[in-house]
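Heads up, the thing below is written out as structure tokens.
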Amino acid sequence: GAGVSQSPSNKVTEKGKDVELRCDPISGHTALYWYRQRLGQGLEFLIYFQGNSAPDKSGLPSDRFSAERTGESVSTLTIQRTQQEDSAVYLCASSTQVSNEKLFFGSGTQLSVL
Amino acid sequence: GNSVTQMEGPVTLSEEAFLTINCTYTATGYPSLFWYVQYPGEGLQLLLKATKADDKGSNKGFEATYRKETTSFHLEKGSVQVSDSAVYFCALSGGNQGGKLIFGQGTELSVKP
């Protein structure tokens with residue numbers, strides 16, 4: 001596609017449920033990043049992928065969070081047993097390669113945990 | 001660790017006013033510095049960057065100079081337009097961080113006609 005696509009754009013879930021967030025990067029981009037933005041706060045790094053591997057998972061808040069990437073394309077961020085503090089906008093970005101600092105962002109998934 | 005601090009918003013200006021959004025950073029080594037912008041309903045996009053001390057990044061009338069002595073990268077524009085209304089994010093990246101960007105909290109700018 002022309003840009004980074006994320007789905008769903010909005011997700012409302014109940015506390016304790018699992019959610020999956022999807023990111024389709026720009027075709028050919030080998031690097032893919034996940035960030036989280038809580039209301040009124042900056043972007044918080046979660047994880048990045050180089051191809052299908054994740055050299056840096058340092059930002060994942062807990063073991064309830066996991067992410068995978070397949071075919072050097074689509075990535076899924078999974079949050080298990082959601083908590084209210086997980087409510088945030090989850091942003092995905094991609095770039096042509098890891099050393100390229102120009103990131104292209106999707107519009108994000110607004111997650112609300114009731 | 002590395003961090004970025006921006007002035008708090010929202011910032012409200014009249015059209016054609018001068019804009020400054022302050023950004024300071026803490027980093028080891030020699031990071032690259034960025035301003036990203038998020039227009040309403042759109043994803044973040046790169047506005048400008050500077051990769052070494054005293055470099056000036058510029059785009060769409062916006063400028064920012066990499067000041068190592070004051071660890072700052074303030075964003076400026078001489079005459080803002082209504083279409084500049086957006087959220088502006090300052091960010092840094094170190095060469096050994098795999099392109100991972102560390103962002104400030106964002107500053108919302110609202111320009112009134």
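In the structure tokens, each chain is lettered A, B, ... as it comes, each chain's residues begin at 1, and ligands are numbered from 1 in order of appearance.
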Name the residues in contact with Ser87 of chain A at a cut-off of 7 Å, using only C-alpha atoms, excluding same-chain residues fewer than 5 positions from it; report them as a list in words.
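The residues that qualify are Leu111, Ser112 and Val113 of chain A.
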Could you give me, as a ChimeraX atom specification, the residues within 9 Å of Gly78 of chain B, counting only C-alpha atoms and dropping anything in the same chain fewer than 4 positions from it?
/B:16-20,61-62
What are the residues of chain B that have an atom within 8 Å of an atom of chain A, counting only C-alpha atoms, as JSON, numbers by chain?
{"B": [41, 42, 43, 44, 45, 46, 93, 95, 98, 99, 100, 101, 102, 103, 104, 105, 106]}
Store the residues picked out above in a file with N, CA, C and O atoms, as a tab-separated table (two decimals), in the first residue's frame.
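Once written, out24.tsv looks like this:
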```tsv
chain	number	residue	atom	x	y	z
B	41	GLY	N	-5.79	13.63	12.30
B	41	GLY	CA	-6.27	12.47	11.54
B	41	GLY	C	-5.20	11.76	10.73
B	41	GLY	O	-5.52	10.83	9.98
B	42	GLU	N	-3.95	12.17	10.86
B	42	GLU	CA	-2.87	11.57	10.08
B	42	GLU	C	-1.81	10.96	10.99
B	42	GLU	O	-1.76	11.23	12.19
B	43	GLY	N	-0.94	10.14	10.40
B	43	GLY	CA	0.17	9.57	11.15
B	43	GLY	C	1.31	10.56	11.28
B	43	GLY	O	1.38	11.54	10.55
B	44	LEU	N	2.21	10.30	12.23
B	44	LEU	CA	3.39	11.15	12.38
B	44	LEU	C	4.22	11.11	11.11
B	44	LEU	O	4.35	10.08	10.45
B	45	GLN	N	4.81	12.24	10.77
B	45	GLN	CA	5.70	12.28	9.62
B	45	GLN	C	6.90	13.17	9.94
B	45	GLN	O	6.80	14.12	10.72
B	46	LEU	N	8.01	12.83	9.33
B	46	LEU	CA	9.24	13.58	9.58
B	46	LEU	C	9.11	14.98	9.02
B	46	LEU	O	8.75	15.18	7.85
B	93	SER	N	17.92	10.07	18.09
B	93	SER	CA	18.33	8.71	17.77
B	93	SER	C	19.84	8.62	17.82
B	93	SER	O	20.52	9.50	17.30
B	95	GLY	N	23.34	6.38	16.96
B	95	GLY	CA	23.74	5.48	15.90
B	95	GLY	C	23.74	4.03	16.29
B	95	GLY	O	23.61	3.16	15.43
B	98	GLY	N	19.94	1.25	16.64
B	98	GLY	CA	19.19	0.57	15.60
B	98	GLY	C	18.09	1.41	14.99
B	98	GLY	O	17.08	0.88	14.58
B	99	GLY	N	18.29	2.71	14.96
B	99	GLY	CA	17.27	3.57	14.38
B	99	GLY	C	16.11	3.84	15.31
B	99	GLY	O	15.16	4.53	14.94
B	100	LYS	N	16.15	3.29	16.52
B	100	LYS	CA	15.07	3.53	17.48
B	100	LYS	C	15.05	4.99	17.86
B	100	LYS	O	16.06	5.56	18.25
B	101	LEU	N	13.90	5.62	17.73
B	101	LEU	CA	13.76	7.02	18.09
B	101	LEU	C	13.19	7.15	19.49
B	101	LEU	O	12.29	6.41	19.87
B	102	ILE	N	13.72	8.11	20.25
B	102	ILE	CA	13.18	8.44	21.56
B	102	ILE	C	12.49	9.78	21.41
B	102	ILE	O	13.11	10.76	20.99
B	103	PHE	N	11.20	9.84	21.78
B	103	PHE	CA	10.38	11.01	21.53
B	103	PHE	C	10.10	11.79	22.80
B	103	PHE	O	10.04	11.23	23.90
B	104	GLY	N	9.91	13.09	22.61
B	104	GLY	CA	9.33	13.91	23.66
B	104	GLY	C	7.83	13.69	23.72
B	104	GLY	O	7.27	12.90	22.95
B	105	GLN	N	7.17	14.42	24.63
B	105	GLN	CA	5.74	14.17	24.86
B	105	GLN	C	4.83	14.84	23.84
B	105	GLN	O	3.63	14.62	23.84
B	106	GLY	N	5.40	15.65	22.97
B	106	GLY	CA	4.59	16.32	21.95
B	106	GLY	C	4.08	17.67	22.45
B	106	GLY	O	3.80	17.86	23.64
```
Considering only C-alpha atoms, can you say which of A:Arg36, A:Lys15, A:Arg81, A:Arg22 comes closest to Leu60 of chain A?
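Once distances to Leu60 of chain A are computed over only C-alpha atoms, the minimum belongs to A:Arg36.
Put simply, atom CA of Thr65 of chain B is 29.4 Å away from atom CA of Gly59 of chain A.
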Between B:Pro113, B:Phe73, B:Gln81, B:Tyr39, which is the closest to Met7 of chain B once you count only C-alpha atoms?
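Looking at the shortest contact to Met7 of chain B, the residue is B:Phe73.
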Apply DSSP to the structure's backbone, then extract all residues of chain B labelled strand (DSSP E or B) and return them as a PyMOL selection string.
chain B and resi 3-6+11-14+19-21+23-26+32-38+45-50+56-59+62-65+67+72+75-77+86-93+102-103+107-112
Give me the residues near segment 49-60 of chain B as a ChimeraX atom specification, where near means some atom within 12 Å (using only C-alpha atoms) and where sequence neighbours in that chain fewer than 5 positions away do not count.
/A:101-103 /B:29-37,65-81,83-84,89-95
Using the selection just defined, write its residues with C-alpha atoms as a PDB file, in the first residue's frame.
```pdb
ATOM      1  CA  GLU A 101      16.106   7.051  10.869  1.00  0.00           C
ATOM      2  CA  LYS A 102      13.217   8.293   8.729  1.00  0.00           C
ATOM      3  CA  LEU A 103      10.207   6.443  10.039  1.00  0.00           C
TER       4      LEU A 103
ATOM      5  CA  GLY B  29      27.494  10.292  22.371  1.00  0.00           C
ATOM      6  CA  TYR B  30      26.342  12.252  19.367  1.00  0.00           C
ATOM      7  CA  PRO B  31      22.681  11.649  18.568  1.00  0.00           C
ATOM      8  CA  SER B  32      20.753  12.747  15.523  1.00  0.00           C
ATOM      9  CA  LEU B  33      17.828  15.056  16.270  1.00  0.00           C
ATOM     10  CA  PHE B  34      14.414  15.221  14.643  1.00  0.00           C
ATOM     11  CA  TRP B  35      11.120  17.015  14.574  1.00  0.00           C
ATOM     12  CA  TYR B  36       8.084  14.960  13.627  1.00  0.00           C
ATOM     13  CA  VAL B  37       4.620  16.423  13.025  1.00  0.00           C
ATOM     14  CA  THR B  65      19.504  24.159  14.869  1.00  0.00           C
ATOM     15  CA  TYR B  66      21.392  21.394  16.667  1.00  0.00           C
ATOM     16  CA  ARG B  67      23.016  23.148  19.647  1.00  0.00           C
ATOM     17  CA  LYS B  68      25.376  20.812  21.451  1.00  0.00           C
ATOM     18  CA  GLU B  69      26.469  23.409  24.020  1.00  0.00           C
ATOM     19  CA  THR B  70      22.912  23.881  25.248  1.00  0.00           C
ATOM     20  CA  THR B  71      21.679  20.367  24.288  1.00  0.00           C
ATOM     21  CA  SER B  72      18.768  21.953  22.464  1.00  0.00           C
ATOM     22  CA  PHE B  73      16.930  21.646  19.154  1.00  0.00           C
ATOM     23  CA  HIS B  74      14.255  24.335  19.269  1.00  0.00           C
ATOM     24  CA  LEU B  75      11.717  24.475  16.438  1.00  0.00           C
ATOM     25  CA  GLU B  76      11.024  27.896  14.894  1.00  0.00           C
ATOM     26  CA  LYS B  77       8.888  29.373  12.148  1.00  0.00           C
ATOM     27  CA  GLY B  78       8.712  33.036  11.267  1.00  0.00           C
ATOM     28  CA  SER B  79       5.057  33.205  10.253  1.00  0.00           C
ATOM     29  CA  VAL B  80       2.664  30.400  11.098  1.00  0.00           C
ATOM     30  CA  GLN B  81      -0.436  29.480   9.125  1.00  0.00           C
ATOM     31  CA  SER B  83      -2.551  24.752   8.269  1.00  0.00           C
ATOM     32  CA  ASP B  84       0.392  24.395  10.687  1.00  0.00           C
ATOM     33  CA  PHE B  89       7.283  15.868  18.487  1.00  0.00           C
ATOM     34  CA  CYS B  90      10.991  16.285  19.125  1.00  0.00           C
ATOM     35  CA  ALA B  91      13.023  13.080  18.953  1.00  0.00           C
ATOM     36  CA  LEU B  92      16.561  11.762  19.052  1.00  0.00           C
ATOM     37  CA  SER B  93      18.328   8.707  17.773  1.00  0.00           C
ATOM     38  CA  GLY B  94      21.767   7.331  18.497  1.00  0.00           C
ATOM     39  CA  GLY B  95      23.740   5.476  15.897  1.00  0.00           C
TER      40      GLY B  95
END
```
